[in-house]
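A short worksheet on the structure shown next.
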Amino acid sequence: MKDSEVKNRYEDFLNGFDSLCMSTVDSEGWPLISYAPFVVDDNRSFYVFLSDLAKHTSYLRESGKASVMFIEDENATAQIFARTRVIFQCDAIEMTRSSKSAERMLSKMEDRFGELLITLRSLSDFHLFRLSPKNGTFVMGFGQAFSISGKRMEILNHVKIEKK
């Protein structure tokens with residue numbers, strides 16, 4: 001498969017989601033997986049609006065890290081052992097709600113997800129987090145894994161097993 005075809009499949013795959021799976025850890029290292037609706041900026045940072053009632057909110061504050069995954073629907077996959085997926089390792093930063101960038105992302109969420117965001121924005125226990133990918137992996141199937149890098153996570157390199 002040509003590099004351009006891989007890149008197009010990667011971009012198309014990521015554009016097919018309204019929510020992301022997010023893994024965080026508590027102060028003792030216990031993992032928690034959850035999900036959240038998101039919007040993305042031009043630098044491919046993901047923004048999630050989370051309640052203090054959700055454990056992942058405090059975990060993001062404590063660790064400043066998250067793993068994010070997008071995965072093909074089980075019903076759509078040809079092979080359950082090789083579902084298409086993208087995983088990013090991210091730095092997490094809580095945004096100041098009154099900042100221009102936070103306002104822009106919250107407005108983008110409102111446009112994407114509707115009137116519920118108006119209500120959520122009025123609640124003081126909701127906080128906007130920016131999840132900035134540092135690296136990632138794109139898997140299209142067996143033998144089709146690619147490392148992801150670059151400022152916008154736009155560089156894909158085929159991962160090959162080195163023989164000993």
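Labels for the structure tokens follow display order: chains A, B, ..., residues from 1 in each chain, ligands from 1.
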
Residue contacts of A:Glu94 (9 Å, only C-alpha atoms) excluding same-chain residues fewer than 4 positions away, as a ChimeraX atom specification:
/A:60-61,64,127-131

For A:Ser147: contacts at 9 Å, only C-alpha atoms, fewer than 6 positions along chain excluded, given as number ranges by chain:
A: 135-139, 155-159

Compile the contact shell of A:Val86 as a ChimeraX atom specification: residues with an atom at most 12 Å away, counting only C-alpha atoms, same-chain residues fewer than 5 positions apart removed.
/A:9-17,20-22,67-72,133,135-141,145-148,153,156

Using DSSP secondary structure from the backbone, list all helix (DSSP H, G or I) positions within chain A, as a VMD selection string.
chain A and resid 3 to 14 55 to 63 74 to 76 80 to 82 100 to 113 116 to 122

Excluding A:Arg152 and its own-chain neighbours fewer than 3 positions away, which residues fall within 8 Å of it when counting only C-alpha atoms? Please give them as a PyMOL selection string.
chain A and resi 42-44+149

Which one of A:Ile161, A:Ala36, A:Met105, A:Ile93 sits closest to A:Ser58 if you count only C-alpha atoms?
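Looking at the shortest contact to A:Ser58, the residue is A:Ile93.
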
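Restricting the calculation to only C-alpha atoms, the smallest distance between A:Lys7 and any of A:Leu106, A:Pro31, A:Glu154, A:Lys160 is found for A:Glu154.
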
Near-A:Lys108 list (12 Å; only C-alpha atoms; drop same-chain fewer than 4 positions) as a list in words
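Using only C-alpha atoms, the neighbours found are Pro37, Phe38, Val39, Val40, Asp41, Phe46, Tyr47, Val48, Phe49, Ser101, Ala102, Glu103, Arg104, Arg112, Phe113, Gly114, Glu115, Leu117 and Ile118 of chain A.
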
Out of A:Val6, A:Tyr35, A:Ser63, A:Cys90, which residue has the shortest atom-to-atom distance to A:Ser19 when counting only C-alpha atoms?
A:Tyr35

If DSSP is run on the backbone, what residues of stretch 38-164 of chain A are strand (DSSP E)? A reply as a PyMOL selection string would be ideal.
chain A and resi 39-40+46-51+65-71+85-94+126-139+145-149+155-158
